[in-house]
file data_39.pdb (PDB, C-alpha atoms and all ligand atoms)
MODEL        1
ATOM      1  CA  MET B1431     108.928 143.388 171.330
ATOM      2  CA  SER B1432     106.749 142.276 174.188
ATOM      3  CA  THR B1433     106.897 138.803 175.663
ATOM      4  CA  LEU B1434     103.843 136.722 174.893
ATOM      5  CA  LEU B1435     104.831 133.372 176.391
ATOM      6  CA  SER B1436     107.313 132.566 179.127
ATOM      7  CA  PHE B1437     108.600 129.161 180.128
ATOM      8  CA  ARG B1438     110.039 129.135 183.640
ATOM      9  CA  ASP B1439     111.993 126.030 184.600
ATOM     10  CA  VAL B1440     109.486 123.795 182.807
ATOM     11  CA  TRP B1441     109.677 120.018 183.132
ATOM     12  CA  VAL B1442     107.571 117.293 181.547
ATOM     13  CA  GLU B1443     107.837 113.857 183.081
ATOM     14  CA  TYR B1444     105.936 110.603 182.649
ATOM     15  CA  GLY B1445     106.640 108.624 185.789
ATOM     16  CA  ASP B1446     110.425 108.414 185.951
ATOM     17  CA  ARG B1447     110.816 109.262 182.255
ATOM     18  CA  ILE B1448     111.972 112.825 181.819
ATOM     19  CA  ILE B1449     110.890 114.250 178.467
ATOM     20  CA  ILE B1450     111.624 117.967 178.877
ATOM     21  CA  GLU B1451     113.878 119.393 181.562
ATOM     22  CA  LYS B1452     114.612 122.861 182.777
ATOM     23  CA  LEU B1453     113.205 124.770 179.847
ATOM     24  CA  ASP B1454     113.556 128.521 180.299
ATOM     25  CA  LEU B1455     112.622 130.776 177.443
ATOM     26  CA  ASP B1456     110.495 133.698 176.364
ATOM     27  CA  ILE B1457     108.608 133.955 173.100
ATOM     28  CA  ALA B1458     108.049 137.462 171.797
ATOM     29  CA  ALA B1459     104.719 138.518 170.366
ATOM     30  CA  GLY B1460     104.887 138.448 166.590
ATOM     31  CA  SER B1461     107.840 136.096 166.365
ATOM     32  CA  PHE B1462     108.014 133.004 164.173
ATOM     33  CA  VAL B1463     109.781 130.301 166.149
ATOM     34  CA  SER B1464     111.001 127.230 164.280
ATOM     35  CA  VAL B1465     111.513 124.210 166.519
ATOM     36  CA  VAL B1466     113.873 121.464 165.395
ATOM     37  CA  GLY B1467     115.279 118.389 167.082
ATOM     38  CA  PRO B1468     115.499 114.615 166.761
ATOM     39  CA  SER B1469     112.437 112.417 166.771
ATOM     40  CA  GLY B1470     111.206 111.841 170.313
ATOM     41  CA  ALA B1471     112.927 114.959 171.653
ATOM     42  CA  GLY B1472     109.667 116.379 172.945
ATOM     43  CA  LYS B1473     108.806 118.863 170.172
ATOM     44  CA  SER B1474     105.152 117.866 170.039
ATOM     45  CA  SER B1475     105.043 117.864 173.834
ATOM     46  CA  PHE B1476     106.361 121.428 173.728
ATOM     47  CA  LEU B1477     103.476 122.423 171.434
ATOM     48  CA  ARG B1478     100.961 120.599 173.639
ATOM     49  CA  LEU B1479     102.203 122.653 176.590
ATOM     50  CA  ILE B1480     101.541 125.883 174.704
ATOM     51  CA  LEU B1481      98.184 124.575 173.530
ATOM     52  CA  GLY B1482      97.261 123.822 177.130
ATOM     53  CA  GLN B1483      96.621 120.164 176.324
ATOM     54  CA  GLU B1484      99.306 119.176 178.749
ATOM     55  CA  ALA B1485     100.514 120.828 181.971
ATOM     56  CA  PRO B1486     104.160 120.908 183.058
ATOM     57  CA  THR B1487     104.993 118.561 185.902
ATOM     58  CA  ARG B1488     107.254 121.287 187.294
ATOM     59  CA  GLY B1489     107.688 124.956 186.546
ATOM     60  CA  SER B1490     105.243 127.341 184.936
ATOM     61  CA  ILE B1491     104.176 128.747 181.609
ATOM     62  CA  LEU B1492     102.911 132.310 181.454
ATOM     63  CA  LEU B1493     100.768 133.789 178.713
ATOM     64  CA  ASP B1494     100.834 137.605 178.912
ATOM     65  CA  GLY B1495     102.391 137.194 182.348
ATOM     66  CA  VAL B1496      99.484 135.096 183.622
ATOM     67  CA  PRO B1497      99.776 131.335 184.267
ATOM     68  CA  LEU B1498      98.468 129.440 181.267
ATOM     69  CA  LYS B1499      95.289 127.555 182.003
ATOM     70  CA  PRO B1500      95.577 123.854 181.164
ATOM     71  CA  GLU B1501      92.834 124.005 178.571
ATOM     72  CA  CYS B1502      92.671 124.772 174.875
ATOM     73  CA  GLY B1503      91.711 128.414 174.504
ATOM     74  CA  PRO B1504      90.482 130.193 171.389
ATOM     75  CA  ASP B1505      93.647 132.299 171.375
ATOM     76  CA  ARG B1506      95.653 129.268 170.245
ATOM     77  CA  GLY B1507      95.141 127.324 167.032
ATOM     78  CA  VAL B1508      96.961 124.222 165.844
ATOM     79  CA  VAL B1509      97.694 122.408 162.580
ATOM     80  CA  PHE B1510      99.161 118.912 162.483
ATOM     81  CA  GLN B1511     100.963 117.136 159.664
ATOM     82  CA  ARG B1512      97.812 115.203 158.825
ATOM     83  CA  TYR B1513      94.292 114.480 159.987
ATOM     84  CA  SER B1514      93.492 117.941 161.263
ATOM     85  CA  VAL B1515      90.278 118.087 159.222
ATOM     86  CA  PHE B1516      87.111 115.999 159.338
ATOM     87  CA  PRO B1517      86.666 113.774 156.267
ATOM     88  CA  HIS B1518      82.852 113.782 156.359
ATOM     89  CA  LEU B1519      82.556 117.589 156.200
ATOM     90  CA  SER B1520      83.014 119.964 153.267
ATOM     91  CA  ALA B1521      85.719 122.637 153.400
ATOM     92  CA  LEU B1522      83.146 125.219 154.430
ATOM     93  CA  ARG B1523      81.621 123.025 157.152
ATOM     94  CA  ASN B1524      85.077 122.062 158.417
ATOM     95  CA  THR B1525      85.976 125.722 158.772
ATOM     96  CA  MET B1526      82.631 126.700 160.302
ATOM     97  CA  LEU B1527      82.957 123.952 162.858
ATOM     98  CA  GLY B1528      85.566 125.896 164.799
ATOM     99  CA  LEU B1529      83.215 128.840 165.153
ATOM    100  CA  GLU B1530      80.255 126.632 165.934
ATOM    101  CA  CYS B1531      82.069 124.808 168.716
ATOM    102  CA  ALA B1532      83.250 128.090 170.214
ATOM    103  CA  GLN B1533      79.774 129.660 170.195
ATOM    104  CA  SER B1534      77.599 126.631 170.801
ATOM    105  CA  PRO B1535      79.724 124.029 172.570
ATOM    106  CA  PHE B1536      76.974 121.482 173.209
ATOM    107  CA  THR B1537      75.341 121.126 169.841
ATOM    108  CA  ALA B1538      78.018 122.643 167.579
ATOM    109  CA  ARG B1539      75.123 124.052 165.568
ATOM    110  CA  LEU B1540      74.228 127.609 164.742
ATOM    111  CA  PHE B1541      71.034 128.919 163.228
ATOM    112  CA  GLY B1542      69.733 131.967 161.410
ATOM    113  CA  ARG B1543      71.856 135.080 161.603
ATOM    114  CA  SER B1544      74.737 133.626 163.588
ATOM    115  CA  ARG B1545      74.940 130.759 161.137
ATOM    116  CA  ARG B1546      75.081 133.116 158.176
ATOM    117  CA  LYS B1547      77.762 135.156 159.936
ATOM    118  CA  ALA B1548      79.810 132.031 160.632
ATOM    119  CA  GLU B1549      79.411 131.042 156.990
ATOM    120  CA  GLU B1550      80.669 134.451 155.858
ATOM    121  CA  GLU B1551      83.656 134.355 158.182
ATOM    122  CA  ALA B1552      84.534 130.802 157.157
ATOM    123  CA  THR B1553      84.216 131.707 153.470
ATOM    124  CA  ALA B1554      86.482 134.737 153.912
ATOM    125  CA  MET B1555      89.051 132.587 155.713
ATOM    126  CA  LEU B1556      88.945 129.940 152.992
ATOM    127  CA  GLU B1557      89.507 132.695 150.425
ATOM    128  CA  ALA B1558      92.460 133.943 152.473
ATOM    129  CA  VAL B1559      94.115 130.520 152.255
ATOM    130  CA  GLY B1560      93.384 130.166 148.540
ATOM    131  CA  LEU B1561      90.396 127.830 148.762
ATOM    132  CA  GLY B1562      87.746 130.301 147.671
ATOM    133  CA  HIS B1563      86.760 128.025 144.787
ATOM    134  CA  SER B1564      86.700 124.846 146.854
ATOM    135  CA  LEU B1565      84.147 125.645 149.557
ATOM    136  CA  HIS B1566      82.048 122.577 148.864
ATOM    137  CA  LEU B1567      84.775 120.028 148.281
ATOM    138  CA  TYR B1568      85.384 117.251 150.791
ATOM    139  CA  PRO B1569      88.905 116.518 152.034
ATOM    140  CA  ALA B1570      89.091 113.317 149.938
ATOM    141  CA  GLN B1571      88.553 115.450 146.827
ATOM    142  CA  MET B1572      91.469 117.723 147.752
ATOM    143  CA  SER B1573      95.226 117.404 147.292
ATOM    144  CA  GLY B1574      97.484 117.208 150.335
ATOM    145  CA  GLY B1575      98.376 120.886 149.971
ATOM    146  CA  MET B1576      94.712 121.883 149.787
ATOM    147  CA  GLN B1577      93.949 119.832 152.889
ATOM    148  CA  GLN B1578      96.681 121.677 154.785
ATOM    149  CA  ARG B1579      95.296 124.993 153.551
ATOM    150  CA  LEU B1580      91.943 123.878 154.923
ATOM    151  CA  ALA B1581      93.512 122.889 158.247
ATOM    152  CA  ILE B1582      95.098 126.353 158.454
ATOM    153  CA  ALA B1583      91.743 128.021 157.710
ATOM    154  CA  GLN B1584      90.110 125.898 160.392
ATOM    155  CA  ALA B1585      92.754 126.931 162.907
ATOM    156  CA  LEU B1586      92.674 130.642 162.000
ATOM    157  CA  VAL B1587      88.924 131.182 161.745
ATOM    158  CA  LYS B1588      88.732 131.555 165.534
ATOM    159  CA  ARG B1589      91.265 134.390 165.291
ATOM    160  CA  PRO B1590      93.943 132.889 167.527
ATOM    161  CA  ARG B1591      96.930 135.032 168.411
ATOM    162  CA  ILE B1592      99.180 131.998 168.479
ATOM    163  CA  LEU B1593      99.370 129.460 165.677
ATOM    164  CA  LEU B1594     101.039 126.134 166.433
ATOM    165  CA  LEU B1595     102.230 124.054 163.494
ATOM    166  CA  ASP B1596     103.439 120.481 164.007
ATOM    167  CA  GLU B1597     105.368 119.477 160.878
ATOM    168  CA  PRO B1598     102.559 120.944 158.787
ATOM    169  CA  PHE B1599     104.268 120.621 155.411
ATOM    170  CA  GLY B1600     106.260 117.435 156.047
ATOM    171  CA  ALA B1601     104.051 115.256 153.848
ATOM    172  CA  LEU B1602     103.945 117.658 150.889
ATOM    173  CA  ASP B1603     105.965 117.727 147.662
ATOM    174  CA  PRO B1604     108.741 120.345 147.549
ATOM    175  CA  GLY B1605     106.978 122.584 145.001
ATOM    176  CA  ILE B1606     103.774 122.602 147.026
ATOM    177  CA  ARG B1607     105.787 123.239 150.151
ATOM    178  CA  ALA B1608     107.193 126.435 148.637
ATOM    179  CA  ASP B1609     103.624 127.619 147.971
ATOM    180  CA  MET B1610     102.709 126.831 151.558
ATOM    181  CA  HIS B1611     105.712 128.798 152.804
ATOM    182  CA  ALA B1612     104.519 131.856 150.917
ATOM    183  CA  LEU B1613     101.010 131.346 152.285
ATOM    184  CA  ILE B1614     102.041 130.961 155.904
ATOM    185  CA  ARG B1615     104.426 133.907 155.768
ATOM    186  CA  GLY B1616     101.625 136.092 154.378
ATOM    187  CA  LEU B1617      99.147 134.931 157.029
ATOM    188  CA  TRP B1618     101.709 135.475 159.781
ATOM    189  CA  GLN B1619     102.067 139.105 158.720
ATOM    190  CA  GLU B1620      98.473 139.853 157.849
ATOM    191  CA  TYR B1621      97.015 138.400 161.047
ATOM    192  CA  ALA B1622      99.903 139.558 163.264
ATOM    193  CA  LEU B1623     100.349 135.991 164.479
ATOM    194  CA  THR B1624     102.920 134.498 166.764
ATOM    195  CA  ILE B1625     103.855 131.172 165.192
ATOM    196  CA  VAL B1626     105.612 128.182 166.728
ATOM    197  CA  MET B1627     106.377 125.612 164.020
ATOM    198  CA  VAL B1628     107.960 122.205 164.496
ATOM    199  CA  THR B1629     109.792 121.003 161.402
ATOM    200  CA  HIS B1630     112.205 118.263 160.365
ATOM    201  CA  ASP B1631     113.430 120.424 157.524
ATOM    202  CA  ILE B1632     116.296 122.607 158.679
ATOM    203  CA  ARG B1633     116.085 124.791 155.571
ATOM    204  CA  GLU B1634     112.410 125.375 156.202
ATOM    205  CA  ALA B1635     113.254 126.298 159.796
ATOM    206  CA  PHE B1636     115.699 128.965 158.663
ATOM    207  CA  THR B1637     113.632 130.181 155.714
ATOM    208  CA  LEU B1638     110.524 130.902 157.754
ATOM    209  CA  GLY B1639     111.652 131.495 161.318
ATOM    210  CA  THR B1640     112.699 134.656 163.087
ATOM    211  CA  ARG B1641     114.288 132.284 165.553
ATOM    212  CA  VAL B1642     115.379 128.660 165.487
ATOM    213  CA  LEU B1643     115.083 126.641 168.653
ATOM    214  CA  ALA B1644     116.720 123.217 168.847
ATOM    215  CA  LEU B1645     115.364 120.819 171.457
ATOM    216  CA  ASP B1646     117.562 117.902 172.441
ATOM    217  CA  LYS B1647     119.088 116.216 175.427
ATOM    218  CA  ARG B1648     122.141 117.932 176.796
ATOM    219  CA  ARG B1649     123.155 114.810 178.683
ATOM    220  CA  HIS B1650     122.736 111.157 177.796
ATOM    221  CA  ASP B1651     122.816 108.167 180.091
ATOM    222  CA  PRO B1652     123.252 105.126 177.817
ATOM    223  CA  HIS B1653     121.992 102.855 180.570
ATOM    224  CA  ALA B1654     118.916 104.924 181.334
ATOM    225  CA  PRO B1655     117.795 106.777 178.199
ATOM    226  CA  HIS B1656     114.942 108.536 179.980
ATOM    227  CA  ARG B1657     116.963 109.783 182.891
ATOM    228  CA  PHE B1658     117.514 113.134 181.205
ATOM    229  CA  GLY B1659     115.106 115.228 179.227
ATOM    230  CA  ALA B1660     115.454 117.575 176.303
ATOM    231  CA  THR B1661     115.931 121.293 176.620
ATOM    232  CA  ALA B1662     116.816 124.207 174.343
ATOM    233  CA  ILE B1663     120.343 123.332 173.253
ATOM    234  CA  TYR B1664     120.456 126.056 170.590
ATOM    235  CA  ASP B1665     118.378 129.171 170.398
ATOM    236  CA  LEU B1666     119.308 131.297 167.418
ATOM    237  CA  PRO B1667     117.734 134.646 166.665
ATOM    238  CA  LEU B1668     117.707 135.286 162.927
ATOM    239  CA  ARG B1669     118.206 138.679 161.398
ATOM    240  CA  ASN B1670     116.671 140.388 158.414
ATOM    241  CA  ARG B1671     113.127 139.505 159.183
ATOM    242  CA  THR B1672     110.163 141.708 158.559
ATOM    243  CA  GLU B1673     107.979 141.971 161.595
ATOM    244  CA  PRO B1674     104.254 141.438 161.198
ATOM    245  CA  THR B1675     102.188 144.498 160.457
ATOM    246  CA  PRO B1676      98.976 145.220 162.348
ATOM    247  CA  PRO B1677      95.874 143.533 160.911
ATOM    248  CA  SER B1678      94.567 145.268 157.819
ATOM    249  CA  ILE B1679      91.129 146.754 157.397
ATOM    250  CA  THR B1680      89.774 143.656 155.604
ATOM    251  CA  ILE B1681      90.522 141.581 158.672
ATOM    252  CA  ASP B1682      88.614 143.965 160.932
ATOM    253  CA  ALA B1683      85.680 143.871 158.575
ATOM    254  CA  ILE B1684      85.205 140.137 159.122
ATOM    255  CA  GLY B1685      86.120 140.178 162.820
ATOM    256  CA  ASN B1686      84.151 138.645 165.649
ATOM    257  CA  ASN B1687      82.269 141.624 166.962
TER     258      ASN B1687
HETATM  259  N1  LIG B1701     101.418 110.217 177.190
HETATM  260  C1  LIG B1701     102.691 109.809 177.186
HETATM  261  N2  LIG B1701     103.153 108.896 178.053
HETATM  262  C2  LIG B1701     104.423 108.500 178.059
HETATM  263  N3  LIG B1701     105.363 108.963 177.212
HETATM  264  C3  LIG B1701     104.977 109.870 176.310
HETATM  265  C4  LIG B1701     103.629 110.353 176.239
HETATM  266  N4  LIG B1701     103.559 111.283 175.242
HETATM  267  C5  LIG B1701     104.804 111.364 174.713
HETATM  268  N5  LIG B1701     105.640 110.525 175.353
HETATM  269  C6  LIG B1701     107.081 110.359 175.081
HETATM  270  O1  LIG B1701     107.668 111.644 175.112
HETATM  271  C7  LIG B1701     108.750 111.698 174.202
HETATM  272  C8  LIG B1701     108.614 112.931 173.358
HETATM  273  O2  LIG B1701     107.501 112.785 172.489
HETATM  274  P1  LIG B1701     107.121 113.894 171.419
HETATM  275  O3  LIG B1701     106.879 115.169 172.129
HETATM  276  O4  LIG B1701     106.015 113.343 170.603
HETATM  277  O5  LIG B1701     108.476 114.006 170.575
HETATM  278  P2  LIG B1701     108.737 114.638 169.125
HETATM  279  O6  LIG B1701     107.516 115.385 168.711
HETATM  280  O7  LIG B1701     109.946 115.510 169.308
HETATM  281  O8  LIG B1701     109.041 113.498 168.210
HETATM  282  C9  LIG B1701     108.730 110.390 173.409
HETATM  283  O9  LIG B1701     109.726 109.557 173.933
HETATM  284  C10 LIG B1701     107.348 109.839 173.697
HETATM  285  O10 LIG B1701     107.378 108.435 173.664
HETATM  286 MG    MG B1702     106.228 115.196 167.085
ENDMDL
END

call {"tool": "encode", "arguments": {"input": "data_39.pdb", "output": "structure tokens"}}
result
Amino acid sequence: MSTLLSFRDVWVEYGDRIIIEKLDLDIAAGSFVSVVGPSGAGKSSFLRLILGQEAPTRGSILLDGVPLKPECGPDRGVVFQRYSVFPHLSALRNTMLGLECAQSPFTARLFGRSRRKAEEEATAMLEAVGLGHSLHLYPAQMSGGMQQRLAIAQALVKRPRILLLDEPFGALDPGIRADMHALIRGLWQEYALTIVMVTHDIREAFTLGTRVLALDKRRHDPHAPHRFGATAIYDLPLRNRTEPTPPSITIDAIGNN
């Protein structure tokens, strides 16, 4: 498996507070990395580094062997636990927005043919996440699970290679969560995604991941809690995982060309 992302001696510091220290790891293309660790360990910071929202204070992050630009690129999508979607837009408009911003960054508006194409792509993506019958609903009219499906559609409509999930199912009921697990596993395979998912739920981490990464401090200074940062204290490859298959023909048919 080829390496998609490499962390080389990565540090994140805020003034004299060390959040992440000496992080060295590679993430293989097509893997599903579950990230666990105590609250405040730097899990969201880790995702922000991959997203390009934050730059390391030391060290480097490589994407395909090239230093990651500190900006959010279309090859990376993200879903948070809540508030990923816009309340004043319908499911369809929420999903189209990603395409509109990518193609028309100043007005976020498309017209004529490109608008119809964006509408088709957004509709197909909403169908893929099981919201084909809810195109015109607003987030307030949707359950928590439906809102997370919408957030996933919004993230995937730009065809990212990397999907970042920050406790995406943490606020959902257990039954709904099982549905979401099936959904995300299917999307991971169908779209040949590399997924990095932060979760509090250790069972979820092991159920979905091809690898479980635990971030925590290796050393504690009780008198100076921010003297040491978190790093990968466990990094467990899991066996018996199906690897993602190449995108199917339906995906190509609604691609961006
Ligand atoms: N902009 C910031 N300035 C200062 N400290 C921050 C900033 N962002 C995050 N932190 C601190 O970094 C630590 C890790 O935060 P975070 O990555 O959100 O942890 P987690 O997601 O594991 O709960 C926390 O102690 C948090 O207070
Ligand atoms: Mg967090």

call {"tool": "closest_atom_pairs", "arguments": {"input": "data_39.pdb", "of": "chain B", "to": "ligand LIG 1701 (chain B)", "cutoff": "6 Å", "atoms": "only C-alpha atoms and all ligand atoms", "output": "JSON lines"}}
result
{"residue": "B:Tyr1444", "atom": "CA", "partner": "B:LIG1701", "partner_atom": "C2", "distance": 5.3}
{"residue": "B:Ile1449", "atom": "CA", "partner": "B:LIG1701", "partner_atom": "O1", "distance": 5.3}
{"residue": "B:Ser1469", "atom": "CA", "partner": "B:LIG1701", "partner_atom": "O8", "distance": 3.8}
{"residue": "B:Gly1470", "atom": "CA", "partner": "B:LIG1701", "partner_atom": "O8", "distance": 3.4}
{"residue": "B:Ala1471", "atom": "CA", "partner": "B:LIG1701", "partner_atom": "O7", "distance": 3.8}
{"residue": "B:Gly1472", "atom": "CA", "partner": "B:LIG1701", "partner_atom": "O3", "distance": 3.1}
{"residue": "B:Lys1473", "atom": "CA", "partner": "B:LIG1701", "partner_atom": "O7", "distance": 3.6}
{"residue": "B:Ser1474", "atom": "CA", "partner": "B:LIG1701", "partner_atom": "O6", "distance": 3.7}
{"residue": "B:Ser1475", "atom": "CA", "partner": "B:LIG1701", "partner_atom": "O3", "distance": 3.7}

call {"tool": "write_last_selection", "arguments": {"input": "data_39.pdb", "atoms": "C-alpha atoms", "output": "PDB file, in the coordinates of the input"}}
result
ATOM      1  CA  TYR B1444     105.936 110.603 182.649  1.00  0.00           C
ATOM      2  CA  ILE B1449     110.890 114.250 178.467  1.00  0.00           C
ATOM      3  CA  SER B1469     112.437 112.417 166.771  1.00  0.00           C
ATOM      4  CA  GLY B1470     111.206 111.841 170.313  1.00  0.00           C
ATOM      5  CA  ALA B1471     112.927 114.959 171.653  1.00  0.00           C
ATOM      6  CA  GLY B1472     109.667 116.379 172.945  1.00  0.00           C
ATOM      7  CA  LYS B1473     108.806 118.863 170.172  1.00  0.00           C
ATOM      8  CA  SER B1474     105.152 117.866 170.039  1.00  0.00           C
ATOM      9  CA  SER B1475     105.043 117.864 173.834  1.00  0.00           C
TER      10      SER B1475
END

call {"tool": "residues_near_ligand", "arguments": {"input": "data_39.pdb", "ligand": "ligand MG 1702 (chain B)", "cutoff": "12 Å", "atoms": "all atoms listed in the file", "output": "PDB file with C-alpha atoms, keeping the file's coordinate frame"}}
result
ATOM      1  CA  VAL B1465     111.513 124.210 166.519  1.00  0.00           C
ATOM      2  CA  VAL B1466     113.873 121.464 165.395  1.00  0.00           C
ATOM      3  CA  GLY B1467     115.279 118.389 167.082  1.00  0.00           C
ATOM      4  CA  PRO B1468     115.499 114.615 166.761  1.00  0.00           C
ATOM      5  CA  SER B1469     112.437 112.417 166.771  1.00  0.00           C
ATOM      6  CA  GLY B1470     111.206 111.841 170.313  1.00  0.00           C
ATOM      7  CA  ALA B1471     112.927 114.959 171.653  1.00  0.00           C
ATOM      8  CA  GLY B1472     109.667 116.379 172.945  1.00  0.00           C
ATOM      9  CA  LYS B1473     108.806 118.863 170.172  1.00  0.00           C
ATOM     10  CA  SER B1474     105.152 117.866 170.039  1.00  0.00           C
ATOM     11  CA  SER B1475     105.043 117.864 173.834  1.00  0.00           C
ATOM     12  CA  PHE B1476     106.361 121.428 173.728  1.00  0.00           C
ATOM     13  CA  LEU B1477     103.476 122.423 171.434  1.00  0.00           C
ATOM     14  CA  ARG B1478     100.961 120.599 173.639  1.00  0.00           C
ATOM     15  CA  PHE B1510      99.161 118.912 162.483  1.00  0.00           C
ATOM     16  CA  GLN B1511     100.963 117.136 159.664  1.00  0.00           C
ATOM     17  CA  ARG B1512      97.812 115.203 158.825  1.00  0.00           C
ATOM     18  CA  LEU B1595     102.230 124.054 163.494  1.00  0.00           C
ATOM     19  CA  ASP B1596     103.439 120.481 164.007  1.00  0.00           C
ATOM     20  CA  GLU B1597     105.368 119.477 160.878  1.00  0.00           C
ATOM     21  CA  PRO B1598     102.559 120.944 158.787  1.00  0.00           C
ATOM     22  CA  GLY B1600     106.260 117.435 156.047  1.00  0.00           C
ATOM     23  CA  MET B1627     106.377 125.612 164.020  1.00  0.00           C
ATOM     24  CA  VAL B1628     107.960 122.205 164.496  1.00  0.00           C
ATOM     25  CA  THR B1629     109.792 121.003 161.402  1.00  0.00           C
ATOM     26  CA  HIS B1630     112.205 118.263 160.365  1.00  0.00           C
ATOM     27  CA  LEU B1645     115.364 120.819 171.457  1.00  0.00           C
TER      28      LEU B1645
END

call {"tool": "atom_distance", "arguments": {"input": "data_39.pdb", "atom1": "atom CA of B:Leu1434", "atom2": "atom CA of B:Leu1617"}}
result
18.6 Å

call {"tool": "residues_around", "arguments": {"input": "data_39.pdb", "residues": "B:Gly1659", "least_positions_apart": "3", "cutoff": "12 Å", "atoms": "only C-alpha atoms", "output": "PyMOL selection string"}}
result
chain B and resi 1440-1444+1446-1453+1470-1473+1475+1645-1651+1654-1656+1662-1663

call {"tool": "resolve_selection", "arguments": {"input": "data_39.pdb", "expression": "the PyMOL selection byres (((chain B and resi 1493) around 9) and not hetatm)", "output": "list in words"}}
result
Thr1433, Leu1434, Leu1435, Ser1436, Ile1480, Ile1491, Leu1492, Asp1494, Gly1495, Val1496, Pro1497, Leu1498 and Lys1499 of chain B

call {"tool": "axis_aligned_box", "arguments": {"input": "data_39.pdb", "around": "stretch 1606-1612 of chain B", "padding_each_side": "4 Å", "output": "AutoDock Vina command-line options"}}
result
--center_x 105.0 --center_y 127.2 --center_z 149.9 --size_x 12.5 --size_y 17.3 --size_z 13.8

call {"tool": "residues_around", "arguments": {"input": "data_39.pdb", "residues": "B:Met1431", "least_positions_apart": "5", "cutoff": "9 Å", "atoms": "only C-alpha atoms", "output": "ChimeraX atom specification"}}
result
/B:1458-1461

call {"tool": "write_last_selection", "arguments": {"input": "data_39.pdb", "atoms": "C-alpha atoms", "output": "compact mmCIF listing (two decimals), in the coordinates of the input"}}
result
# COMPACT_ATOMS: atom_id res chain seq x y z
CA ALA B 1458 108.05 137.46 171.80
CA ALA B 1459 104.72 138.52 170.37
CA GLY B 1460 104.89 138.45 166.59
CA SER B 1461 107.84 136.10 166.36

call {"tool": "residues_around", "arguments": {"input": "data_39.pdb", "residues": "B:Val1642", "least_positions_apart": "4", "cutoff": "9 Å", "atoms": "only C-alpha atoms", "output": "list of chain:residue names"}}
result
B:Phe1462, B:Val1463, B:Ser1464, B:Val1465, B:Val1466, B:Ala1635, B:Phe1636, B:Tyr1664, B:Asp1665, B:Leu1666, B:Pro1667, B:Leu1668

call {"tool": "write_last_selection", "arguments": {"input": "data_39.pdb", "atoms": "C-alpha atoms", "output": "PDB file, in the coordinates of the input"}}
result
ATOM      1  CA  PHE B1462     108.014 133.004 164.173  1.00  0.00           C
ATOM      2  CA  VAL B1463     109.781 130.301 166.149  1.00  0.00           C
ATOM      3  CA  SER B1464     111.001 127.230 164.280  1.00  0.00           C
ATOM      4  CA  VAL B1465     111.513 124.210 166.519  1.00  0.00           C
ATOM      5  CA  VAL B1466     113.873 121.464 165.395  1.00  0.00           C
ATOM      6  CA  ALA B1635     113.254 126.298 159.796  1.00  0.00           C
ATOM      7  CA  PHE B1636     115.699 128.965 158.663  1.00  0.00           C
ATOM      8  CA  TYR B1664     120.456 126.056 170.590  1.00  0.00           C
ATOM      9  CA  ASP B1665     118.378 129.171 170.398  1.00  0.00           C
ATOM     10  CA  LEU B1666     119.308 131.297 167.418  1.00  0.00           C
ATOM     11  CA  PRO B1667     117.734 134.646 166.665  1.00  0.00           C
ATOM     12  CA  LEU B1668     117.707 135.286 162.927  1.00  0.00           C
TER      13      LEU B1668
END
